[in-house]
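Below: target35.txt (compact mmCIF, N, CA and C atoms)
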# COMPACT_ATOMS: atom_id res chain seq x y z
N MET M 20 0.83 -1.18 0.00
CA MET M 20 0.00 0.00 0.00
C MET M 20 0.88 1.25 0.00
N VAL M 21 1.92 1.22 0.81
CA VAL M 21 2.81 2.38 0.90
C VAL M 21 3.53 2.61 -0.42
N GLU M 22 3.95 1.53 -1.08
CA GLU M 22 4.64 1.67 -2.36
C GLU M 22 3.75 2.29 -3.42
N VAL M 23 2.51 1.85 -3.47
CA VAL M 23 1.57 2.38 -4.46
C VAL M 23 1.34 3.87 -4.22
N LEU M 24 1.15 4.25 -2.97
CA LEU M 24 0.96 5.67 -2.65
C LEU M 24 2.20 6.48 -2.97
N ALA M 25 3.37 5.93 -2.68
CA ALA M 25 4.62 6.65 -2.95
C ALA M 25 4.81 6.88 -4.44
N VAL M 26 4.56 5.87 -5.24
CA VAL M 26 4.77 6.02 -6.69
C VAL M 26 3.71 6.91 -7.31
N SER M 27 2.44 6.65 -7.01
CA SER M 27 1.39 7.37 -7.71
C SER M 27 1.11 8.76 -7.14
N TRP M 28 1.29 8.97 -5.85
CA TRP M 28 0.91 10.27 -5.28
C TRP M 28 2.10 11.13 -4.87
N ILE M 29 3.20 10.53 -4.46
CA ILE M 29 4.35 11.34 -4.06
C ILE M 29 5.26 11.60 -5.26
N TYR M 30 5.71 10.52 -5.93
CA TYR M 30 6.52 10.71 -7.14
C TYR M 30 5.68 11.34 -8.24
N GLY M 31 4.45 10.93 -8.30
CA GLY M 31 3.53 11.53 -9.25
C GLY M 31 3.22 10.63 -10.42
N LEU M 32 1.96 10.49 -10.70
CA LEU M 32 1.52 9.65 -11.80
C LEU M 32 2.00 10.19 -13.14
N LYS M 33 2.03 11.50 -13.27
CA LYS M 33 2.48 12.10 -14.52
C LYS M 33 3.96 11.80 -14.77
N ARG M 34 4.78 11.93 -13.74
CA ARG M 34 6.21 11.59 -13.88
C ARG M 34 6.40 10.11 -14.17
N PHE M 35 5.66 9.26 -13.46
CA PHE M 35 5.78 7.82 -13.62
C PHE M 35 5.45 7.40 -15.04
N THR M 36 4.34 7.91 -15.58
CA THR M 36 3.96 7.55 -16.95
C THR M 36 4.93 8.16 -17.96
N SER M 37 5.47 9.32 -17.65
CA SER M 37 6.47 9.94 -18.53
C SER M 37 7.75 9.09 -18.55
N ASP M 38 8.14 8.55 -17.41
CA ASP M 38 9.31 7.67 -17.36
C ASP M 38 9.09 6.39 -18.16
N ILE M 39 7.88 5.84 -18.06
CA ILE M 39 7.57 4.64 -18.85
C ILE M 39 7.65 4.97 -20.34
N LYS M 40 7.10 6.10 -20.73
CA LYS M 40 7.16 6.53 -22.14
C LYS M 40 8.61 6.69 -22.58
N PHE M 41 9.46 7.27 -21.72
CA PHE M 41 10.86 7.48 -22.06
C PHE M 41 11.61 6.16 -22.19
N MET M 42 11.38 5.24 -21.26
CA MET M 42 12.12 3.98 -21.25
C MET M 42 11.64 3.00 -22.31
N LEU M 43 10.34 2.88 -22.49
CA LEU M 43 9.79 1.85 -23.37
C LEU M 43 9.22 2.39 -24.67
N ASN M 44 9.10 3.72 -24.77
CA ASN M 44 8.49 4.37 -25.92
C ASN M 44 7.06 3.87 -26.14
N VAL M 45 6.34 3.70 -25.03
CA VAL M 45 4.95 3.25 -25.06
C VAL M 45 4.14 4.20 -24.18
N SER M 46 3.08 4.75 -24.75
CA SER M 46 2.21 5.61 -23.96
C SER M 46 1.25 4.75 -23.15
N VAL M 47 1.08 5.12 -21.90
CA VAL M 47 0.19 4.38 -21.01
C VAL M 47 -1.22 4.91 -21.17
N GLY M 48 -2.19 4.00 -21.29
CA GLY M 48 -3.58 4.40 -21.48
C GLY M 48 -4.24 4.87 -20.20
N ILE M 49 -5.44 5.39 -20.38
CA ILE M 49 -6.19 5.94 -19.24
C ILE M 49 -6.56 4.84 -18.24
N TYR M 50 -6.72 3.61 -18.70
CA TYR M 50 -7.03 2.49 -17.80
C TYR M 50 -5.95 2.34 -16.74
N TRP M 51 -4.68 2.32 -17.19
CA TRP M 51 -3.58 2.14 -16.24
C TRP M 51 -3.44 3.36 -15.33
N LYS M 52 -3.64 4.54 -15.85
CA LYS M 52 -3.56 5.74 -15.02
C LYS M 52 -4.64 5.71 -13.93
N PHE M 53 -5.85 5.30 -14.30
CA PHE M 53 -6.94 5.18 -13.34
C PHE M 53 -6.61 4.13 -12.27
N CYS M 54 -6.10 2.98 -12.73
CA CYS M 54 -5.76 1.91 -11.77
C CYS M 54 -4.67 2.35 -10.81
N TRP M 55 -3.57 2.89 -11.32
CA TRP M 55 -2.44 3.29 -10.46
C TRP M 55 -2.79 4.48 -9.57
N GLY M 56 -3.56 5.40 -10.06
CA GLY M 56 -3.83 6.62 -9.31
C GLY M 56 -5.00 6.54 -8.35
N PHE M 57 -5.99 5.69 -8.65
CA PHE M 57 -7.19 5.66 -7.80
C PHE M 57 -7.59 4.26 -7.36
N PHE M 58 -7.83 3.36 -8.32
CA PHE M 58 -8.43 2.07 -8.01
C PHE M 58 -7.57 1.22 -7.08
N ILE M 59 -6.30 1.05 -7.41
CA ILE M 59 -5.44 0.18 -6.60
C ILE M 59 -5.26 0.73 -5.18
N PRO M 60 -4.95 2.03 -4.97
CA PRO M 60 -4.85 2.51 -3.59
C PRO M 60 -6.15 2.34 -2.80
N VAL M 61 -7.28 2.62 -3.42
CA VAL M 61 -8.57 2.48 -2.73
C VAL M 61 -8.88 1.01 -2.45
N ALA M 62 -8.61 0.14 -3.41
CA ALA M 62 -8.87 -1.29 -3.22
C ALA M 62 -7.98 -1.87 -2.12
N LEU M 63 -6.71 -1.50 -2.09
CA LEU M 63 -5.82 -2.00 -1.04
C LEU M 63 -6.26 -1.50 0.34
N LEU M 64 -6.69 -0.26 0.42
CA LEU M 64 -7.20 0.27 1.68
C LEU M 64 -8.46 -0.47 2.11
N ALA M 65 -9.35 -0.74 1.18
CA ALA M 65 -10.58 -1.48 1.50
C ALA M 65 -10.26 -2.90 1.96
N ILE M 66 -9.32 -3.56 1.30
CA ILE M 66 -8.92 -4.91 1.71
C ILE M 66 -8.32 -4.89 3.11
N PHE M 67 -7.49 -3.90 3.40
CA PHE M 67 -6.89 -3.80 4.73
C PHE M 67 -7.94 -3.56 5.81
N ILE M 68 -8.89 -2.68 5.54
CA ILE M 68 -9.96 -2.42 6.50
C ILE M 68 -10.81 -3.67 6.69
N TYR M 69 -11.12 -4.38 5.61
CA TYR M 69 -11.88 -5.63 5.70
C TYR M 69 -11.14 -6.64 6.57
N PHE M 70 -9.83 -6.75 6.39
CA PHE M 70 -9.03 -7.66 7.21
C PHE M 70 -9.13 -7.30 8.68
N LEU M 71 -9.03 -6.01 9.00
CA LEU M 71 -9.11 -5.59 10.41
C LEU M 71 -10.48 -5.87 11.01
N VAL M 72 -11.53 -5.65 10.24
CA VAL M 72 -12.89 -5.83 10.75
C VAL M 72 -13.22 -7.30 10.94
N THR M 73 -12.77 -8.15 10.02
CA THR M 73 -13.13 -9.57 10.08
C THR M 73 -12.02 -10.44 10.67
N TYR M 74 -11.10 -9.85 11.40
CA TYR M 74 -9.96 -10.60 11.93
C TYR M 74 -10.41 -11.69 12.89
N SER M 75 -9.80 -12.86 12.74
CA SER M 75 -9.98 -13.95 13.70
C SER M 75 -8.63 -14.64 13.85
N PRO M 76 -8.37 -15.27 14.99
CA PRO M 76 -7.07 -15.92 15.20
C PRO M 76 -6.78 -16.96 14.12
N LEU M 77 -5.51 -17.10 13.80
CA LEU M 77 -5.06 -17.99 12.74
C LEU M 77 -5.19 -19.45 13.18
N THR M 78 -5.81 -20.28 12.30
CA THR M 78 -5.96 -21.70 12.60
C THR M 78 -5.48 -22.52 11.41
N TYR M 79 -5.13 -23.78 11.68
CA TYR M 79 -4.77 -24.72 10.64
C TYR M 79 -5.36 -26.07 11.02
N GLN M 80 -6.24 -26.59 10.19
CA GLN M 80 -6.96 -27.84 10.43
C GLN M 80 -7.63 -27.83 11.82
N GLY M 81 -8.24 -26.73 12.15
CA GLY M 81 -8.98 -26.62 13.40
C GLY M 81 -8.14 -26.30 14.62
N LYS M 82 -6.82 -26.28 14.50
CA LYS M 82 -5.96 -25.97 15.65
C LYS M 82 -5.50 -24.53 15.57
N LEU M 83 -5.50 -23.86 16.72
CA LEU M 83 -5.01 -22.50 16.78
C LEU M 83 -3.49 -22.48 16.72
N TYR M 84 -2.97 -21.53 15.97
CA TYR M 84 -1.53 -21.32 15.99
C TYR M 84 -1.16 -20.70 17.33
N PRO M 85 0.06 -20.95 17.82
CA PRO M 85 0.49 -20.29 19.06
C PRO M 85 0.49 -18.77 18.89
N VAL M 86 0.14 -18.08 19.94
CA VAL M 86 0.08 -16.61 19.90
C VAL M 86 1.45 -16.03 19.58
N SER M 87 2.50 -16.71 20.02
CA SER M 87 3.85 -16.19 19.75
C SER M 87 4.14 -16.13 18.25
N PHE M 88 3.54 -17.02 17.46
CA PHE M 88 3.73 -16.97 16.00
C PHE M 88 3.08 -15.72 15.42
N GLU M 89 1.89 -15.40 15.91
CA GLU M 89 1.24 -14.17 15.45
C GLU M 89 2.05 -12.95 15.84
N TYR M 90 2.55 -12.94 17.05
CA TYR M 90 3.36 -11.80 17.51
C TYR M 90 4.64 -11.68 16.69
N ALA M 91 5.22 -12.81 16.29
CA ALA M 91 6.41 -12.77 15.43
C ALA M 91 6.07 -12.10 14.10
N GLY M 92 4.90 -12.39 13.55
CA GLY M 92 4.47 -11.74 12.32
C GLY M 92 4.26 -10.25 12.50
N TYR M 93 3.69 -9.87 13.65
CA TYR M 93 3.50 -8.45 13.95
C TYR M 93 4.85 -7.74 14.08
N VAL M 94 5.81 -8.40 14.70
CA VAL M 94 7.14 -7.80 14.86
C VAL M 94 7.79 -7.60 13.50
N LEU M 95 7.72 -8.58 12.62
CA LEU M 95 8.29 -8.44 11.28
C LEU M 95 7.61 -7.32 10.48
N THR M 96 6.29 -7.25 10.58
CA THR M 96 5.55 -6.19 9.89
C THR M 96 5.92 -4.82 10.44
N THR M 97 6.00 -4.73 11.77
CA THR M 97 6.36 -3.46 12.40
C THR M 97 7.77 -3.04 12.00
N PHE M 98 8.70 -4.00 11.96
CA PHE M 98 10.07 -3.69 11.56
C PHE M 98 10.10 -3.12 10.14
N ALA M 99 9.32 -3.69 9.25
CA ALA M 99 9.28 -3.21 7.87
C ALA M 99 8.66 -1.82 7.79
N LEU M 100 7.59 -1.57 8.53
CA LEU M 100 6.90 -0.29 8.45
C LEU M 100 7.62 0.84 9.17
N VAL M 101 8.34 0.52 10.24
CA VAL M 101 9.06 1.55 11.00
C VAL M 101 10.20 2.14 10.17
N GLN M 102 10.69 1.39 9.22
CA GLN M 102 11.79 1.90 8.40
C GLN M 102 11.37 3.10 7.56
N ILE M 103 10.11 3.18 7.19
CA ILE M 103 9.66 4.29 6.35
C ILE M 103 9.84 5.64 7.05
N PRO M 104 9.27 5.84 8.26
CA PRO M 104 9.53 7.13 8.91
C PRO M 104 10.98 7.30 9.36
N PHE M 105 11.66 6.19 9.70
CA PHE M 105 13.06 6.30 10.12
C PHE M 105 13.92 6.86 8.99
N TRP M 106 13.83 6.29 7.80
CA TRP M 106 14.65 6.77 6.70
C TRP M 106 14.20 8.14 6.20
N PHE M 107 12.92 8.44 6.37
CA PHE M 107 12.45 9.79 6.04
C PHE M 107 13.12 10.82 6.96
N LEU M 108 13.13 10.54 8.27
CA LEU M 108 13.78 11.44 9.22
C LEU M 108 15.28 11.51 8.97
N HIS M 109 15.88 10.40 8.60
CA HIS M 109 17.30 10.38 8.28
C HIS M 109 17.60 11.29 7.09
N SER M 110 16.76 11.24 6.06
CA SER M 110 16.98 12.09 4.90
C SER M 110 16.71 13.56 5.22
N LEU M 111 15.83 13.83 6.19
CA LEU M 111 15.59 15.21 6.60
C LEU M 111 16.81 15.81 7.29
N CYS M 112 17.50 15.01 8.08
CA CYS M 112 18.56 15.51 8.95
C CYS M 112 19.96 15.37 8.37
N SER M 113 20.13 14.67 7.27
CA SER M 113 21.48 14.46 6.74
C SER M 113 21.53 14.84 5.27
N GLY M 114 22.73 14.85 4.77
CA GLY M 114 22.91 15.15 3.34
C GLY M 114 23.05 16.63 3.08
N LYS M 115 23.24 16.95 1.82
CA LYS M 115 23.43 18.34 1.41
C LYS M 115 22.14 19.14 1.52
N ASN M 116 21.04 18.53 1.08
CA ASN M 116 19.75 19.23 1.08
C ASN M 116 18.98 18.87 2.34
N LYS M 117 19.12 19.67 3.35
CA LYS M 117 18.38 19.39 4.58
C LYS M 117 17.00 20.03 4.50
N GLY M 118 16.09 19.50 5.28
CA GLY M 118 14.74 20.02 5.33
C GLY M 118 13.79 19.22 4.45
N ILE M 119 12.53 19.58 4.53
CA ILE M 119 11.49 18.84 3.80
C ILE M 119 11.69 18.96 2.29
N ARG M 120 11.96 20.15 1.82
CA ARG M 120 12.13 20.34 0.38
C ARG M 120 13.31 19.51 -0.14
N GLY M 121 14.39 19.48 0.61
CA GLY M 121 15.56 18.70 0.21
C GLY M 121 15.30 17.20 0.24
N ALA M 122 14.48 16.76 1.20
CA ALA M 122 14.18 15.33 1.30
C ALA M 122 13.37 14.84 0.11
N PHE M 123 12.56 15.70 -0.46
CA PHE M 123 11.73 15.31 -1.60
C PHE M 123 12.33 15.71 -2.94
N SER M 124 13.55 16.23 -2.93
CA SER M 124 14.21 16.60 -4.17
C SER M 124 15.27 15.55 -4.52
N PRO M 125 15.35 15.16 -5.77
CA PRO M 125 16.37 14.18 -6.15
C PRO M 125 17.76 14.80 -6.11
N ASN M 126 18.76 13.97 -5.83
CA ASN M 126 20.12 14.46 -5.86
C ASN M 126 20.64 14.43 -7.29
N SER M 127 21.86 14.88 -7.49
CA SER M 127 22.40 14.98 -8.85
C SER M 127 22.65 13.62 -9.49
N GLU M 128 22.72 12.55 -8.70
CA GLU M 128 22.97 11.22 -9.23
C GLU M 128 21.68 10.53 -9.69
N TRP M 129 20.51 11.09 -9.39
CA TRP M 129 19.24 10.46 -9.73
C TRP M 129 19.03 10.47 -11.23
N GLY M 130 18.63 9.34 -11.78
CA GLY M 130 18.31 9.26 -13.21
C GLY M 130 19.15 8.19 -13.90
N PRO M 131 19.10 8.16 -15.22
CA PRO M 131 19.86 7.16 -15.97
C PRO M 131 21.36 7.29 -15.73
N ALA M 132 22.06 6.16 -15.80
CA ALA M 132 23.50 6.13 -15.51
C ALA M 132 24.32 6.70 -16.67
N ARG M 133 23.93 6.41 -17.90
CA ARG M 133 24.67 6.91 -19.07
C ARG M 133 24.41 8.40 -19.24
N HIS M 134 25.49 9.16 -19.42
CA HIS M 134 25.38 10.61 -19.49
C HIS M 134 24.50 11.06 -20.66
N SER M 135 24.68 10.46 -21.83
CA SER M 135 23.91 10.89 -23.00
C SER M 135 22.42 10.63 -22.80
N VAL M 136 22.09 9.53 -22.17
CA VAL M 136 20.68 9.22 -21.91
C VAL M 136 20.14 10.14 -20.82
N LYS M 137 20.98 10.46 -19.83
CA LYS M 137 20.54 11.33 -18.75
C LYS M 137 20.23 12.74 -19.26
N VAL M 138 21.04 13.24 -20.17
CA VAL M 138 20.79 14.58 -20.75
C VAL M 138 19.45 14.57 -21.47
N GLU M 139 19.19 13.53 -22.25
CA GLU M 139 17.90 13.41 -22.94
C GLU M 139 16.75 13.31 -21.94
N TRP M 140 16.95 12.52 -20.88
CA TRP M 140 15.92 12.33 -19.86
C TRP M 140 15.61 13.63 -19.12
N LEU M 141 16.66 14.41 -18.83
CA LEU M 141 16.46 15.69 -18.12
C LEU M 141 15.75 16.72 -18.98
N SER M 142 15.87 16.60 -20.30
CA SER M 142 15.24 17.58 -21.17
C SER M 142 13.77 17.29 -21.48
N LYS M 143 13.28 16.12 -21.03
CA LYS M 143 11.87 15.78 -21.32
C LYS M 143 10.92 16.65 -20.51
N ASP M 144 9.74 16.82 -21.01
CA ASP M 144 8.72 17.64 -20.33
C ASP M 144 7.93 16.78 -19.37
N PHE M 145 7.58 17.37 -18.23
CA PHE M 145 6.71 16.69 -17.26
C PHE M 145 5.35 17.27 -17.40

Written as structure tokens, that's how I'd like the structure from this file.
Amino acid sequence: MVEVLAVSWIYGLKRFTSDIKFMLNVSVGIYWKFCWGFFIPVALLAIFIYFLVTYSPLTYQGKLYPVSFEYAGYVLTTFALVQIPFWFLHSLCSGKNKGIRGAFSPNSEWGPARHSVKVEWLSKDF
């Protein structure tokens, strides 16, 4: 869910589709723009809310799993999710571009590795 929101709403759907056009020389249709920008984020949120509302303890062939197994899954999930704000705060406090604007701005190394391709990529319109 976080990845979909980051790509479609933070990086921007317009930039994302422009990058696809640049890399593959294929224009993305309105169906894919609708799915990436609205349907998939809303559907994932609805699935997550449904999971929370209908939650029941995990069973296998009628036997309950030990609670410690569920807690282990929660710990792994928490570890994965805590990294998002941690690295965001790290990018706010370190590097050349400090602050919110700097955290959301790409550095000079961002983009294609080949210089000739990077020049072409930087000249494209968003």

Write out as a short mmCIF file (atom, residue, chain, number, x, y, z; two decimals) with N, CA and C atoms, keeping the file's coordinate frame which residues come within 12 Å of range 137-143 of chain M when counting only C-alpha atoms, dropping same-chain ones fewer than 2 positions away.
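Result went into selection.cif, see below:
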data_model
loop_
_atom_site.label_atom_id
_atom_site.label_comp_id
_atom_site.auth_asym_id
_atom_site.auth_seq_id
_atom_site.Cartn_x
_atom_site.Cartn_y
_atom_site.Cartn_z
N ARG M 34 4.78 11.93 -13.74
CA ARG M 34 6.21 11.59 -13.88
C ARG M 34 6.40 10.11 -14.17
N SER M 37 5.47 9.32 -17.65
CA SER M 37 6.47 9.94 -18.53
C SER M 37 7.75 9.09 -18.55
N ASP M 38 8.14 8.55 -17.41
CA ASP M 38 9.31 7.67 -17.36
C ASP M 38 9.09 6.39 -18.16
N ILE M 39 7.88 5.84 -18.06
CA ILE M 39 7.57 4.64 -18.85
C ILE M 39 7.65 4.97 -20.34
N LYS M 40 7.10 6.10 -20.73
CA LYS M 40 7.16 6.53 -22.14
C LYS M 40 8.61 6.69 -22.58
N PHE M 41 9.46 7.27 -21.72
CA PHE M 41 10.86 7.48 -22.06
C PHE M 41 11.61 6.16 -22.19
N MET M 42 11.38 5.24 -21.26
CA MET M 42 12.12 3.98 -21.25
C MET M 42 11.64 3.00 -22.31
N SER M 127 21.86 14.88 -7.49
CA SER M 127 22.40 14.98 -8.85
C SER M 127 22.65 13.62 -9.49
N GLU M 128 22.72 12.55 -8.70
CA GLU M 128 22.97 11.22 -9.23
C GLU M 128 21.68 10.53 -9.69
N TRP M 129 20.51 11.09 -9.39
CA TRP M 129 19.24 10.46 -9.73
C TRP M 129 19.03 10.47 -11.23
N GLY M 130 18.63 9.34 -11.78
CA GLY M 130 18.31 9.26 -13.21
C GLY M 130 19.15 8.19 -13.90
N PRO M 131 19.10 8.16 -15.22
CA PRO M 131 19.86 7.16 -15.97
C PRO M 131 21.36 7.29 -15.73
N ALA M 132 22.06 6.16 -15.80
CA ALA M 132 23.50 6.13 -15.51
C ALA M 132 24.32 6.70 -16.67
N ARG M 133 23.93 6.41 -17.90
CA ARG M 133 24.67 6.91 -19.07
C ARG M 133 24.41 8.40 -19.24
N HIS M 134 25.49 9.16 -19.42
CA HIS M 134 25.38 10.61 -19.49
C HIS M 134 24.50 11.06 -20.66
N SER M 135 24.68 10.46 -21.83
CA SER M 135 23.91 10.89 -23.00
C SER M 135 22.42 10.63 -22.80
N PHE M 145 7.58 17.37 -18.23
CA PHE M 145 6.71 16.69 -17.26
C PHE M 145 5.35 17.27 -17.40
#

Test item: residues at most 6.5 Å from range 23-28 of chain M, all atoms listed in the file, excluding those fewer than 4 positions along its chain, as a ChimeraX atom specification: /M:32,55-56,60

Could those residues be written to a file, using N, CA and C atoms, as an mmCIF file, in the coordinates of the input?
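Saved as selection_25.cif:
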data_model
loop_
_atom_site.group_PDB
_atom_site.id
_atom_site.type_symbol
_atom_site.label_atom_id
_atom_site.label_comp_id
_atom_site.auth_asym_id
_atom_site.auth_seq_id
_atom_site.Cartn_x
_atom_site.Cartn_y
_atom_site.Cartn_z
ATOM 1 N N LEU M 32 1.960 10.490 -10.700
ATOM 2 C CA LEU M 32 1.520 9.650 -11.800
ATOM 3 C C LEU M 32 2.000 10.190 -13.140
ATOM 4 N N TRP M 55 -3.570 2.890 -11.320
ATOM 5 C CA TRP M 55 -2.440 3.290 -10.460
ATOM 6 C C TRP M 55 -2.790 4.480 -9.570
ATOM 7 N N GLY M 56 -3.560 5.400 -10.060
ATOM 8 C CA GLY M 56 -3.830 6.620 -9.310
ATOM 9 C C GLY M 56 -5.000 6.540 -8.350
ATOM 10 N N PRO M 60 -4.950 2.030 -4.970
ATOM 11 C CA PRO M 60 -4.850 2.510 -3.590
ATOM 12 C C PRO M 60 -6.150 2.340 -2.800
#

Residues flagged strand (DSSP E) by DSSP in chain M, as an NGL selection string: :M and (78-79 or 82-83)

Alpha helix (DSSP H) call set, DSSP backbone run, range 39-145 of chain M, as number ranges by chain: M: 39-43, 49-53, 59-72, 86-112, 119-122, 134-141

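Separating CA of Val136 in chain M from CA of Cys54 in chain M is a distance of 29.2 Å.
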
How far is it from CA of Gly48 in chain M to atom C of Ala122 in chain M, in Å with one decimal? 29.4 Å

If I wrap all listed atoms of range 74-85 of chain M in a box with edges along x, y and z and add 4 Å on each side, what are its centre and edge lengths in Å to one decimal, as AutoDock Vina command-line options?
--center_x -5.3 --center_y -18.8 --center_z 14.6 --size_x 19.6 --size_y 26.0 --size_z 16.9

Using the atoms already present, construct N, CA, C and O atoms for range 68-86 of chain M and hand them back as a PDB file, in the coordinates of the input.
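Result file result15.pdb:
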ATOM      1  N   ILE M  68      -8.890  -2.680   5.540  1.00  0.00           N
ATOM      2  CA  ILE M  68      -9.960  -2.420   6.500  1.00  0.00           C
ATOM      3  C   ILE M  68     -10.810  -3.670   6.690  1.00  0.00           C
ATOM      4  O   ILE M  68     -11.180  -4.013   7.825  1.00  0.00           O
ATOM      5  N   TYR M  69     -11.120  -4.380   5.610  1.00  0.00           N
ATOM      6  CA  TYR M  69     -11.880  -5.630   5.700  1.00  0.00           C
ATOM      7  C   TYR M  69     -11.140  -6.640   6.570  1.00  0.00           C
ATOM      8  O   TYR M  69     -11.744  -7.329   7.397  1.00  0.00           O
ATOM      9  N   PHE M  70      -9.830  -6.750   6.390  1.00  0.00           N
ATOM     10  CA  PHE M  70      -9.030  -7.660   7.210  1.00  0.00           C
ATOM     11  C   PHE M  70      -9.130  -7.300   8.680  1.00  0.00           C
ATOM     12  O   PHE M  70      -9.295  -8.180   9.538  1.00  0.00           O
ATOM     13  N   LEU M  71      -9.030  -6.010   9.000  1.00  0.00           N
ATOM     14  CA  LEU M  71      -9.110  -5.590  10.410  1.00  0.00           C
ATOM     15  C   LEU M  71     -10.480  -5.870  11.010  1.00  0.00           C
ATOM     16  O   LEU M  71     -10.579  -6.293  12.159  1.00  0.00           O
ATOM     17  N   VAL M  72     -11.530  -5.650  10.240  1.00  0.00           N
ATOM     18  CA  VAL M  72     -12.890  -5.830  10.750  1.00  0.00           C
ATOM     19  C   VAL M  72     -13.220  -7.300  10.940  1.00  0.00           C
ATOM     20  O   VAL M  72     -13.878  -7.683  11.908  1.00  0.00           O
ATOM     21  N   THR M  73     -12.770  -8.150  10.020  1.00  0.00           N
ATOM     22  CA  THR M  73     -13.130  -9.570  10.080  1.00  0.00           C
ATOM     23  C   THR M  73     -12.020 -10.440  10.670  1.00  0.00           C
ATOM     24  O   THR M  73     -12.036 -11.657  10.488  1.00  0.00           O
ATOM     25  N   TYR M  74     -11.100  -9.850  11.400  1.00  0.00           N
ATOM     26  CA  TYR M  74      -9.960 -10.600  11.930  1.00  0.00           C
ATOM     27  C   TYR M  74     -10.410 -11.690  12.890  1.00  0.00           C
ATOM     28  O   TYR M  74     -11.264 -11.485  13.743  1.00  0.00           O
ATOM     29  N   SER M  75      -9.800 -12.860  12.740  1.00  0.00           N
ATOM     30  CA  SER M  75      -9.980 -13.950  13.700  1.00  0.00           C
ATOM     31  C   SER M  75      -8.630 -14.640  13.850  1.00  0.00           C
ATOM     32  O   SER M  75      -7.805 -14.615  12.932  1.00  0.00           O
ATOM     33  N   PRO M  76      -8.370 -15.270  14.990  1.00  0.00           N
ATOM     34  CA  PRO M  76      -7.070 -15.920  15.200  1.00  0.00           C
ATOM     35  C   PRO M  76      -6.780 -16.960  14.120  1.00  0.00           C
ATOM     36  O   PRO M  76      -7.679 -17.622  13.601  1.00  0.00           O
ATOM     37  N   LEU M  77      -5.510 -17.100  13.800  1.00  0.00           N
ATOM     38  CA  LEU M  77      -5.060 -17.990  12.740  1.00  0.00           C
ATOM     39  C   LEU M  77      -5.190 -19.450  13.180  1.00  0.00           C
ATOM     40  O   LEU M  77      -4.766 -19.829  14.257  1.00  0.00           O
ATOM     41  N   THR M  78      -5.810 -20.280  12.300  1.00  0.00           N
ATOM     42  CA  THR M  78      -5.960 -21.700  12.600  1.00  0.00           C
ATOM     43  C   THR M  78      -5.480 -22.520  11.410  1.00  0.00           C
ATOM     44  O   THR M  78      -5.447 -22.035  10.275  1.00  0.00           O
ATOM     45  N   TYR M  79      -5.130 -23.780  11.680  1.00  0.00           N
ATOM     46  CA  TYR M  79      -4.770 -24.720  10.640  1.00  0.00           C
ATOM     47  C   TYR M  79      -5.360 -26.070  11.020  1.00  0.00           C
ATOM     48  O   TYR M  79      -5.034 -26.617  12.062  1.00  0.00           O
ATOM     49  N   GLN M  80      -6.240 -26.590  10.190  1.00  0.00           N
ATOM     50  CA  GLN M  80      -6.960 -27.840  10.430  1.00  0.00           C
ATOM     51  C   GLN M  80      -7.630 -27.830  11.820  1.00  0.00           C
ATOM     52  O   GLN M  80      -7.567 -28.804  12.565  1.00  0.00           O
ATOM     53  N   GLY M  81      -8.240 -26.730  12.150  1.00  0.00           N
ATOM     54  CA  GLY M  81      -8.980 -26.620  13.400  1.00  0.00           C
ATOM     55  C   GLY M  81      -8.140 -26.300  14.620  1.00  0.00           C
ATOM     56  O   GLY M  81      -8.684 -26.072  15.686  1.00  0.00           O
ATOM     57  N   LYS M  82      -6.820 -26.280  14.500  1.00  0.00           N
ATOM     58  CA  LYS M  82      -5.960 -25.970  15.650  1.00  0.00           C
ATOM     59  C   LYS M  82      -5.500 -24.530  15.570  1.00  0.00           C
ATOM     60  O   LYS M  82      -5.146 -24.025  14.505  1.00  0.00           O
ATOM     61  N   LEU M  83      -5.500 -23.860  16.720  1.00  0.00           N
ATOM     62  CA  LEU M  83      -5.010 -22.500  16.780  1.00  0.00           C
ATOM     63  C   LEU M  83      -3.490 -22.480  16.720  1.00  0.00           C
ATOM     64  O   LEU M  83      -2.827 -23.308  17.346  1.00  0.00           O
ATOM     65  N   TYR M  84      -2.970 -21.530  15.970  1.00  0.00           N
ATOM     66  CA  TYR M  84      -1.530 -21.320  15.990  1.00  0.00           C
ATOM     67  C   TYR M  84      -1.160 -20.700  17.330  1.00  0.00           C
ATOM     68  O   TYR M  84      -1.957 -19.957  17.923  1.00  0.00           O
ATOM     69  N   PRO M  85       0.060 -20.950  17.820  1.00  0.00           N
ATOM     70  CA  PRO M  85       0.490 -20.290  19.060  1.00  0.00           C
ATOM     71  C   PRO M  85       0.490 -18.770  18.890  1.00  0.00           C
ATOM     72  O   PRO M  85       0.795 -18.257  17.809  1.00  0.00           O
ATOM     73  N   VAL M  86       0.140 -18.080  19.940  1.00  0.00           N
ATOM     74  CA  VAL M  86       0.080 -16.610  19.900  1.00  0.00           C
ATOM     75  C   VAL M  86       1.450 -16.030  19.580  1.00  0.00           C
ATOM     76  O   VAL M  86       1.551 -14.999  18.911  1.00  0.00           O
TER      77      VAL M  86
END
